[in-house]
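This is data37.csv (CSV, C-alpha atoms).
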```csv
chain,number,residue,atom,x,y,z
Y,1,MET,CA,-1.1,-6.8,-17.2
Y,2,LEU,CA,-2.1,-9.8,-15.1
Y,3,THR,CA,-3.4,-9.5,-11.6
Y,4,ARG,CA,-2.1,-11.8,-8.8
Y,5,VAL,CA,-4.3,-12.1,-5.7
Y,6,TYR,CA,-2.8,-13.2,-2.4
Y,7,ILE,CA,-5.4,-14.6,0.0
Y,8,LEU,CA,-4.1,-14.9,3.6
Y,9,LEU,CA,-6.4,-17.0,5.7
Y,10,GLY,CA,-7.3,-16.4,9.3
Y,11,GLY,CA,-6.9,-18.8,12.2
Y,12,VAL,CA,-5.4,-19.0,15.7
Y,13,ILE,CA,-2.4,-21.3,15.2
Y,14,GLY,CA,-1.6,-20.9,11.5
Y,15,TRP,CA,-2.4,-24.2,9.9
Y,16,ASP,CA,-6.1,-24.0,11.0
Y,17,GLY,CA,-6.8,-21.3,8.4
Y,18,TYR,CA,-8.3,-23.9,6.0
Y,19,ALA,CA,-10.9,-24.7,8.7
Y,20,ASP,CA,-11.4,-21.1,10.0
Y,21,SER,CA,-11.6,-19.3,6.6
Y,22,ARG,CA,-13.7,-21.6,4.5
Y,23,GLY,CA,-15.8,-18.6,3.2
Y,24,LEU,CA,-12.7,-17.2,1.5
Y,25,ILE,CA,-11.8,-20.5,0.0
Y,26,ASP,CA,-15.3,-21.8,-1.0
Y,27,GLU,CA,-17.1,-18.6,-1.8
Y,28,LEU,CA,-14.7,-15.7,-2.6
Y,29,LYS,CA,-11.8,-17.5,-4.4
Y,30,PRO,CA,-14.0,-19.1,-7.0
Y,31,GLN,CA,-15.5,-15.7,-7.9
Y,32,LEU,CA,-12.1,-14.2,-8.2
Y,33,ASP,CA,-10.8,-17.1,-10.3
Y,34,GLU,CA,-13.6,-16.2,-12.9
Y,35,ILE,CA,-12.2,-12.8,-13.5
Y,36,TYR,CA,-10.1,-12.7,-16.7
Y,37,GLY,CA,-6.4,-12.3,-16.0
Y,38,VAL,CA,-6.6,-13.0,-12.3
Y,39,THR,CA,-4.6,-15.7,-10.5
Y,40,CYS,CA,-5.2,-16.5,-6.8
Y,41,VAL,CA,-2.8,-18.0,-4.4
Y,42,VAL,CA,-3.6,-18.9,-0.8
Y,43,PHE,CA,-1.5,-18.8,2.3
Y,44,ASP,CA,-2.1,-19.4,6.0
Y,45,TRP,CA,-1.6,-16.2,8.0
Y,46,ASP,CA,1.6,-17.5,9.5
Y,47,GLN,CA,3.0,-18.0,6.0
Y,48,TYR,CA,3.1,-14.2,5.4
Y,49,PRO,CA,6.9,-14.2,4.9
Y,50,ALA,CA,6.5,-16.6,2.0
Y,51,ALA,CA,3.7,-14.5,0.6
Y,52,ALA,CA,5.9,-11.4,0.8
Y,53,LEU,CA,8.7,-13.2,-1.1
Y,54,ASP,CA,6.2,-14.2,-3.8
Y,55,ILE,CA,4.8,-10.7,-4.0
Y,56,LYS,CA,8.3,-9.3,-4.5
Y,57,ALA,CA,9.0,-11.9,-7.2
Y,58,HIS,CA,5.9,-10.7,-9.1
Y,59,GLU,CA,6.2,-7.0,-8.5
Y,60,GLY,CA,6.2,-5.1,-11.7
Y,61,LYS,CA,5.0,-8.2,-13.7
Y,62,SER,CA,1.5,-8.3,-12.2
Y,63,LYS,CA,-0.9,-6.1,-10.4
Y,64,ILE,CA,-0.7,-7.2,-6.7
Y,65,VAL,CA,-3.8,-7.7,-4.5
Y,66,GLY,CA,-3.7,-8.8,-0.9
Y,67,ILE,CA,-6.9,-10.1,0.7
Y,68,GLY,CA,-6.9,-11.3,4.3
Y,69,PHE,CA,-9.3,-12.4,7.0
Y,70,SER,CA,-8.6,-12.0,10.7
Y,71,GLY,CA,-4.9,-12.8,11.3
Y,72,GLY,CA,-4.4,-12.8,7.6
Y,73,ALA,CA,-5.7,-9.2,7.4
Y,74,SER,CA,-3.3,-8.1,10.1
Y,75,ARG,CA,-0.4,-10.0,8.6
Y,76,LEU,CA,-0.9,-8.3,5.2
Y,77,THR,CA,0.1,-5.1,7.1
Y,78,TYR,CA,3.4,-6.9,8.0
Y,79,VAL,CA,3.9,-7.8,4.3
Y,80,ALA,CA,3.3,-4.1,3.4
Y,81,ASN,CA,5.9,-3.1,6.0
Y,82,GLU,CA,8.7,-5.5,4.9
Y,83,SER,CA,12.0,-3.7,4.5
Y,84,SER,CA,11.7,-4.1,0.7
Y,85,LYS,CA,8.4,-2.1,0.8
Y,86,PRO,CA,6.6,-4.2,-1.9
Y,87,VAL,CA,4.2,-2.2,-4.1
Y,88,ILE,CA,0.7,-3.5,-3.4
Y,89,ASP,CA,-2.0,-2.2,-5.7
Y,90,LEU,CA,-4.9,-3.2,-3.5
Y,91,LEU,CA,-5.0,-4.5,0.1
Y,92,ILE,CA,-8.3,-5.7,1.5
Y,93,GLY,CA,-8.8,-6.7,5.1
Y,94,TYR,CA,-11.7,-8.6,6.5
Y,95,ASP,CA,-12.0,-7.8,10.2
Y,96,PRO,CA,-8.2,-7.5,10.9
Y,97,SER,CA,-7.2,-9.2,14.1
Y,98,PRO,CA,-6.0,-9.0,16.8
Y,99,PRO,CA,-6.4,-5.2,16.5
Y,100,ARG,CA,-3.2,-4.5,18.4
Y,101,GLN,CA,-1.2,-6.3,15.8
Y,102,VAL,CA,-2.4,-4.2,12.8
Y,103,MET,CA,0.5,-2.1,11.5
Y,104,SER,CA,0.2,1.3,9.8
Y,105,LEU,CA,0.2,1.3,5.9
Y,106,GLY,CA,2.6,3.4,3.8
Y,107,ASN,CA,2.5,4.8,0.3
Y,108,ASN,CA,3.7,1.5,-1.2
Y,109,VAL,CA,0.1,0.5,-0.8
Y,110,LYS,CA,-1.8,2.2,-3.6
Y,111,LYS,CA,-5.3,1.6,-2.0
Y,112,ALA,CA,-6.5,-0.3,1.1
Y,113,ILE,CA,-10.1,-1.4,1.9
Y,114,CYS,CA,-10.8,-2.4,5.5
Y,115,TYR,CA,-14.0,-4.2,6.5
Y,116,HIS,CA,-14.2,-3.0,10.1
Y,117,ASN,CA,-16.2,-5.0,12.4
Y,118,THR,CA,-17.8,-2.9,15.1
Y,119,ARG,CA,-19.1,-5.8,17.2
Y,120,PRO,CA,-16.8,-8.9,16.7
Y,121,LEU,CA,-17.9,-10.5,19.9
Y,122,MET,CA,-14.9,-12.7,20.1
Y,123,TRP,CA,-12.4,-13.0,23.0
Y,124,VAL,CA,-9.7,-15.7,23.3
Y,125,PRO,CA,-7.6,-16.2,26.5
Y,126,PHE,CA,-4.0,-15.1,26.2
Y,127,ILE,CA,-4.7,-13.5,22.8
Y,128,GLY,CA,-7.5,-11.0,23.6
Y,129,GLN,CA,-10.1,-9.6,21.2
Y,130,LEU,CA,-10.3,-11.1,17.8
Y,131,GLY,CA,-11.7,-8.8,15.1
Y,132,GLY,CA,-12.4,-5.1,15.2
Y,133,GLY,CA,-9.0,-4.0,13.8
Y,134,GLN,CA,-8.8,-1.0,11.4
Y,135,TYR,CA,-6.3,0.0,8.8
Y,136,THR,CA,-4.5,3.3,9.3
Y,137,GLY,CA,-1.6,5.0,7.5
Y,138,THR,CA,-0.7,7.4,4.7
Y,139,CYS,CA,-2.2,5.4,1.7
Y,140,PRO,CA,-5.8,5.9,0.6
Y,141,ILE,CA,-8.0,3.8,2.9
Y,142,GLU,CA,-11.6,3.0,2.4
Y,143,THR,CA,-13.3,1.7,5.6
Y,144,HIS,CA,-16.7,-0.1,5.6
Y,145,ASP,CA,-18.2,-0.7,9.0
Y,146,PHE,CA,-20.4,-3.7,9.8
Y,147,ALA,CA,-21.4,-5.7,12.8
Y,148,GLN,CA,-21.1,-9.5,12.9
Y,149,GLN,CA,-19.7,-12.3,15.0
Y,150,HIS,CA,-16.0,-12.6,14.0
Y,151,LEU,CA,-15.9,-16.3,13.1
Y,152,THR,CA,-18.6,-15.8,10.5
Y,153,VAL,CA,-17.1,-12.8,8.6
Y,154,ASP,CA,-15.4,-14.9,6.0
Y,155,TYR,CA,-18.9,-15.9,4.7
Y,156,ASN,CA,-20.2,-12.4,4.4
Y,157,ARG,CA,-21.5,-12.2,0.8
Y,158,ASP,CA,-21.9,-8.4,0.9
Y,159,LEU,CA,-18.2,-8.0,1.7
Y,160,HIS,CA,-17.4,-10.6,-1.0
Y,161,ALA,CA,-19.4,-8.6,-3.6
Y,162,MET,CA,-17.4,-5.4,-2.8
Y,163,THR,CA,-14.2,-7.3,-2.9
Y,164,VAL,CA,-14.9,-8.9,-6.3
Y,165,ALA,CA,-16.0,-5.5,-7.7
Y,166,ALA,CA,-12.7,-3.9,-6.4
Y,167,VAL,CA,-10.6,-6.6,-7.9
Y,168,ARG,CA,-12.5,-6.6,-11.2
Y,169,ALA,CA,-12.0,-2.8,-11.4
Y,170,LEU,CA,-8.3,-3.1,-10.8
Y,171,ALA,CA,-7.9,-6.0,-13.3
Y,172,LYS,CA,-9.6,-3.8,-16.0
Y,173,GLN,CA,-7.1,-0.9,-15.5
```

Could you write out this structure as structure tokens?
Amino acid sequence: MLTRVYILLGGVIGWDGYADSRGLIDELKPQLDEIYGVTCVVFDWDQYPAAALDIKAHEGKSKIVGIGFSGGASRLTYVANESSKPVIDLLIGYDPSPPRQVMSLGNNVKKAICYHNTRPLMWVPFIGQLGGGQYTGTCPIETHDFAQQHLTVDYNRDLHAMTVAAVRALAKQ
């Protein structure tokens, strides 16, 4: 079975994800594209409803992976909580943000990995703290703590290596 990876970019106003999440686009995505049977599609965080529809259309035909940074990581929890409860084989969040917008994950998510930033050092007026969110819920959740300025997390090569390994392992199943 093929694996379809949904990358939800971070950003503050939606369309700025291509500027704010270059590490996912320039460094992570090319590594994922090299894995046999993996197809990556990219959405801005505010396009999560379109990503949810696409996930539902591919459910049962492909293994589903969601990877998000910042607002993209929090919006993946919205996708997982859609009324249709899409089955997501692997959900990976890079420093979910804002923490208060991260929803609990249910059993429709087979496994979640959260890269939890213990020192995001990012505050935006009218929004609050960016970074530092954590995944919670009833699905299996693996949490990896690290400390890094929030706006540089998408370039963290150690996190990318863990992500690539997790996607590679799922694609081989």

Residues of range 19-46 of chain Y that approach range 163-173 of chain Y to 9 Å or less, counting all atoms listed in the file: could you list each one with the shortest pair of atoms and its distance in Å to one decimal, rows by chain and increasing residue number, as a Markdown table?
```
| residue | atom | partner | partner_atom | distance |
| --- | --- | --- | --- | --- |
| Y:Leu28 | CA | Y:Val164 | CA | 7.7 |
| Y:Gln31 | CA | Y:Val164 | CA | 7.0 |
| Y:Leu32 | CA | Y:Val164 | CA | 6.3 |
| Y:Ile35 | CA | Y:Arg168 | CA | 6.6 |
| Y:Tyr36 | CA | Y:Ala171 | CA | 7.8 |
| Y:Gly37 | CA | Y:Ala171 | CA | 7.0 |
| Y:Val38 | CA | Y:Ala171 | CA | 7.2 |
```

At a cut-off of 12 Å around the point (8.5, -8.6, -4.1) (file coordinates), what residues fall inside when counting all atoms listed in the file? I'd like the answer as a PyMOL selection string.
chain Y and resi 49-64+79-88+108

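Shortest atom-to-atom contact with Gly17 in chain Y among Y:Pro99, Y:Pro140, Y:Pro30, Y:Gly71: Y:Gly71, counting all atoms listed in the file.
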
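We find CA of Gly131 in chain Y and CA of Glu34 in chain Y to be spaced 29.0 Å apart.
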
Around the point (-3.3, -1.7, 15.9) in the file's coordinates, collect all residues with an atom within 10 Å, using only C-alpha atoms, and return them as a VMD selection string.
chain Y and resid 74 96 to 104 132 to 136

Selection file, C-alpha atoms, as an mmCIF file, keeping the file's coordinate frame:
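Below you can see again34.cif, which holds the result:
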```
data_model
loop_
_atom_site.group_PDB
_atom_site.id
_atom_site.type_symbol
_atom_site.label_atom_id
_atom_site.label_comp_id
_atom_site.auth_asym_id
_atom_site.auth_seq_id
_atom_site.Cartn_x
_atom_site.Cartn_y
_atom_site.Cartn_z
ATOM 1 C CA SER Y 74 -3.300 -8.100 10.100
ATOM 2 C CA PRO Y 96 -8.200 -7.500 10.900
ATOM 3 C CA SER Y 97 -7.200 -9.200 14.100
ATOM 4 C CA PRO Y 98 -6.000 -9.000 16.800
ATOM 5 C CA PRO Y 99 -6.400 -5.200 16.500
ATOM 6 C CA ARG Y 100 -3.200 -4.500 18.400
ATOM 7 C CA GLN Y 101 -1.200 -6.300 15.800
ATOM 8 C CA VAL Y 102 -2.400 -4.200 12.800
ATOM 9 C CA MET Y 103 0.500 -2.100 11.500
ATOM 10 C CA SER Y 104 0.200 1.300 9.800
ATOM 11 C CA GLY Y 132 -12.400 -5.100 15.200
ATOM 12 C CA GLY Y 133 -9.000 -4.000 13.800
ATOM 13 C CA GLN Y 134 -8.800 -1.000 11.400
ATOM 14 C CA TYR Y 135 -6.300 0.000 8.800
ATOM 15 C CA THR Y 136 -4.500 3.300 9.300
#
```

Might you pull out every residue within 12 Å of Asp26 in chain Y, with all atoms listed in the file counted and same-chain residues fewer than 4 positions away left off, and present them as an NGL selection string?
:Y and (18-22 or 30-33 or 154-157 or 160)

Can you measure CA of His150 in chain Y to CA of Lys29 in chain Y for me? One decimal in Å is fine.
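Between these atoms lies a distance of 19.5 Å.
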
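The nearest approach to Asp89 in chain Y among the residues Y:Ala112, Y:Leu8, Y:Leu105, Y:Ala73, with all atoms listed in the file taken into account, belongs to Y:Ala112.
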
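Taking CA of Thr143 in chain Y and CA of Gly93 in chain Y as endpoints, the distance between them is 9.5 Å.
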
Which of Y:Leu151, Y:Leu76, Y:Ile67, Y:Ile7 sits closest to Val42 in chain Y [using all atoms listed in the file]:
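Under the stated criterion, the closest residue is Y:Ile7.
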
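Between Val65 in chain Y and the candidates Y:Ile92, Y:Val5, Y:Leu130, Y:Leu121, the tightest atom-to-atom separation, counting all atoms listed in the file, involves Y:Val5.
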
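Proximity ranking of Y:Val153, Y:Val109, Y:Leu90, Y:Cys139 relative to Leu9 in chain Y places Y:Val153 first, based on only C-alpha atoms.
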
Missing atoms in range 123-158 of chain Y: fill them in up to N, CA and C atoms and send the result as a PDB file, keeping the file's coordinate frame.
```pdb
ATOM      1  N   TRP Y 123     -13.515 -13.215  22.081  1.00  0.00           N
ATOM      2  CA  TRP Y 123     -12.400 -13.000  23.000  1.00  0.00           C
ATOM      3  C   TRP Y 123     -11.755 -14.394  23.237  1.00  0.00           C
ATOM      4  N   VAL Y 124     -10.437 -14.436  23.097  1.00  0.00           N
ATOM      5  CA  VAL Y 124      -9.700 -15.700  23.300  1.00  0.00           C
ATOM      6  C   VAL Y 124      -8.659 -15.474  24.373  1.00  0.00           C
ATOM      7  N   PRO Y 125      -8.632 -16.352  25.381  1.00  0.00           N
ATOM      8  CA  PRO Y 125      -7.600 -16.200  26.500  1.00  0.00           C
ATOM      9  C   PRO Y 125      -6.214 -16.153  25.902  1.00  0.00           C
ATOM     10  N   PHE Y 126      -5.398 -15.317  26.508  1.00  0.00           N
ATOM     11  CA  PHE Y 126      -4.000 -15.100  26.200  1.00  0.00           C
ATOM     12  C   PHE Y 126      -3.777 -14.387  24.820  1.00  0.00           C
ATOM     13  N   ILE Y 127      -4.827 -14.215  24.044  1.00  0.00           N
ATOM     14  CA  ILE Y 127      -4.700 -13.500  22.800  1.00  0.00           C
ATOM     15  C   ILE Y 127      -5.473 -12.176  22.863  1.00  0.00           C
ATOM     16  N   GLY Y 128      -6.657 -12.228  23.453  1.00  0.00           N
ATOM     17  CA  GLY Y 128      -7.500 -11.000  23.600  1.00  0.00           C
ATOM     18  C   GLY Y 128      -8.580 -11.004  22.542  1.00  0.00           C
ATOM     19  N   GLN Y 129      -8.976  -9.792  22.195  1.00  0.00           N
ATOM     20  CA  GLN Y 129     -10.100  -9.600  21.200  1.00  0.00           C
ATOM     21  C   GLN Y 129      -9.642 -10.027  19.852  1.00  0.00           C
ATOM     22  N   LEU Y 130     -10.492 -10.794  19.208  1.00  0.00           N
ATOM     23  CA  LEU Y 130     -10.300 -11.100  17.800  1.00  0.00           C
ATOM     24  C   LEU Y 130     -11.303 -10.290  17.004  1.00  0.00           C
ATOM     25  N   GLY Y 131     -10.819  -9.671  15.943  1.00  0.00           N
ATOM     26  CA  GLY Y 131     -11.700  -8.800  15.100  1.00  0.00           C
ATOM     27  C   GLY Y 131     -11.697  -7.400  15.638  1.00  0.00           C
ATOM     28  N   GLY Y 132     -12.226  -6.537  14.829  1.00  0.00           N
ATOM     29  CA  GLY Y 132     -12.400  -5.100  15.200  1.00  0.00           C
ATOM     30  C   GLY Y 132     -11.214  -4.250  14.853  1.00  0.00           C
ATOM     31  N   GLY Y 133     -10.167  -4.788  14.217  1.00  0.00           N
ATOM     32  CA  GLY Y 133      -9.000  -4.000  13.800  1.00  0.00           C
ATOM     33  C   GLY Y 133      -9.363  -3.060  12.658  1.00  0.00           C
ATOM     34  N   GLN Y 134      -8.570  -1.999  12.521  1.00  0.00           N
ATOM     35  CA  GLN Y 134      -8.800  -1.000  11.400  1.00  0.00           C
ATOM     36  C   GLN Y 134      -7.433  -0.735  10.767  1.00  0.00           C
ATOM     37  N   TYR Y 135      -7.481  -0.425   9.484  1.00  0.00           N
ATOM     38  CA  TYR Y 135      -6.300   0.000   8.800  1.00  0.00           C
ATOM     39  C   TYR Y 135      -6.097   1.501   8.964  1.00  0.00           C
ATOM     40  N   THR Y 136      -4.847   1.898   9.167  1.00  0.00           N
ATOM     41  CA  THR Y 136      -4.500   3.300   9.300  1.00  0.00           C
ATOM     42  C   THR Y 136      -3.209   3.491   8.429  1.00  0.00           C
ATOM     43  N   GLY Y 137      -2.870   4.733   8.169  1.00  0.00           N
ATOM     44  CA  GLY Y 137      -1.600   5.000   7.500  1.00  0.00           C
ATOM     45  C   GLY Y 137      -1.756   6.146   6.474  1.00  0.00           C
ATOM     46  N   THR Y 138      -0.750   6.247   5.614  1.00  0.00           N
ATOM     47  CA  THR Y 138      -0.700   7.400   4.700  1.00  0.00           C
ATOM     48  C   THR Y 138      -1.253   7.039   3.299  1.00  0.00           C
ATOM     49  N   CYS Y 139      -1.560   5.772   3.032  1.00  0.00           N
ATOM     50  CA  CYS Y 139      -2.200   5.400   1.700  1.00  0.00           C
ATOM     51  C   CYS Y 139      -3.665   5.684   1.793  1.00  0.00           C
ATOM     52  N   PRO Y 140      -4.311   5.761   0.632  1.00  0.00           N
ATOM     53  CA  PRO Y 140      -5.800   5.900   0.600  1.00  0.00           C
ATOM     54  C   PRO Y 140      -6.432   4.670   1.249  1.00  0.00           C
ATOM     55  N   ILE Y 141      -7.283   4.890   2.247  1.00  0.00           N
ATOM     56  CA  ILE Y 141      -8.000   3.800   2.900  1.00  0.00           C
ATOM     57  C   ILE Y 141      -9.454   4.014   2.913  1.00  0.00           C
ATOM     58  N   GLU Y 142     -10.166   3.002   2.446  1.00  0.00           N
ATOM     59  CA  GLU Y 142     -11.600   3.000   2.400  1.00  0.00           C
ATOM     60  C   GLU Y 142     -12.088   2.056   3.504  1.00  0.00           C
ATOM     61  N   THR Y 143     -12.890   2.533   4.445  1.00  0.00           N
ATOM     62  CA  THR Y 143     -13.300   1.700   5.600  1.00  0.00           C
ATOM     63  C   THR Y 143     -14.849   1.479   5.448  1.00  0.00           C
ATOM     64  N   HIS Y 144     -15.265   0.230   5.607  1.00  0.00           N
ATOM     65  CA  HIS Y 144     -16.700  -0.100   5.600  1.00  0.00           C
ATOM     66  C   HIS Y 144     -16.989  -0.778   6.950  1.00  0.00           C
ATOM     67  N   ASP Y 145     -17.834  -0.131   7.743  1.00  0.00           N
ATOM     68  CA  ASP Y 145     -18.200  -0.700   9.000  1.00  0.00           C
ATOM     69  C   ASP Y 145     -19.382  -1.658   8.889  1.00  0.00           C
ATOM     70  N   PHE Y 146     -19.351  -2.688   9.696  1.00  0.00           N
ATOM     71  CA  PHE Y 146     -20.400  -3.700   9.800  1.00  0.00           C
ATOM     72  C   PHE Y 146     -20.359  -4.295  11.156  1.00  0.00           C
ATOM     73  N   ALA Y 147     -21.378  -5.055  11.539  1.00  0.00           N
ATOM     74  CA  ALA Y 147     -21.400  -5.700  12.800  1.00  0.00           C
ATOM     75  C   ALA Y 147     -21.785  -7.180  12.639  1.00  0.00           C
ATOM     76  N   GLN Y 148     -20.872  -8.082  13.075  1.00  0.00           N
ATOM     77  CA  GLN Y 148     -21.100  -9.500  12.900  1.00  0.00           C
ATOM     78  C   GLN Y 148     -20.158 -10.303  13.754  1.00  0.00           C
ATOM     79  N   GLN Y 149     -20.571 -11.466  14.200  1.00  0.00           N
ATOM     80  CA  GLN Y 149     -19.700 -12.300  15.000  1.00  0.00           C
ATOM     81  C   GLN Y 149     -18.453 -12.649  14.160  1.00  0.00           C
ATOM     82  N   HIS Y 150     -17.278 -12.494  14.763  1.00  0.00           N
ATOM     83  CA  HIS Y 150     -16.000 -12.600  14.000  1.00  0.00           C
ATOM     84  C   HIS Y 150     -15.840 -13.871  13.235  1.00  0.00           C
ATOM     85  N   LEU Y 151     -16.186 -15.002  13.790  1.00  0.00           N
ATOM     86  CA  LEU Y 151     -15.900 -16.300  13.100  1.00  0.00           C
ATOM     87  C   LEU Y 151     -16.826 -16.523  11.889  1.00  0.00           C
ATOM     88  N   THR Y 152     -17.782 -15.611  11.634  1.00  0.00           N
ATOM     89  CA  THR Y 152     -18.600 -15.800  10.500  1.00  0.00           C
ATOM     90  C   THR Y 152     -18.359 -14.754   9.366  1.00  0.00           C
ATOM     91  N   VAL Y 153     -17.428 -13.861   9.590  1.00  0.00           N
ATOM     92  CA  VAL Y 153     -17.100 -12.800   8.600  1.00  0.00           C
ATOM     93  C   VAL Y 153     -16.692 -13.293   7.286  1.00  0.00           C
ATOM     94  N   ASP Y 154     -15.928 -14.364   7.268  1.00  0.00           N
ATOM     95  CA  ASP Y 154     -15.400 -14.900   6.000  1.00  0.00           C
ATOM     96  C   ASP Y 154     -16.501 -15.382   5.053  1.00  0.00           C
ATOM     97  N   TYR Y 155     -17.721 -15.517   5.549  1.00  0.00           N
ATOM     98  CA  TYR Y 155     -18.900 -15.900   4.700  1.00  0.00           C
ATOM     99  C   TYR Y 155     -19.750 -14.738   4.316  1.00  0.00           C
ATOM    100  N   ASN Y 156     -19.376 -13.526   4.648  1.00  0.00           N
ATOM    101  CA  ASN Y 156     -20.200 -12.400   4.400  1.00  0.00           C
ATOM    102  C   ASN Y 156     -20.265 -12.065   2.888  1.00  0.00           C
ATOM    103  N   ARG Y 157     -21.370 -12.367   2.256  1.00  0.00           N
ATOM    104  CA  ARG Y 157     -21.500 -12.200   0.800  1.00  0.00           C
ATOM    105  C   ARG Y 157     -21.514 -10.762   0.359  1.00  0.00           C
ATOM    106  N   ASP Y 158     -21.981  -9.850   1.213  1.00  0.00           N
ATOM    107  CA  ASP Y 158     -21.900  -8.400   0.900  1.00  0.00           C
ATOM    108  C   ASP Y 158     -20.484  -7.958   0.754  1.00  0.00           C
TER     109      ASP Y 158
END
```
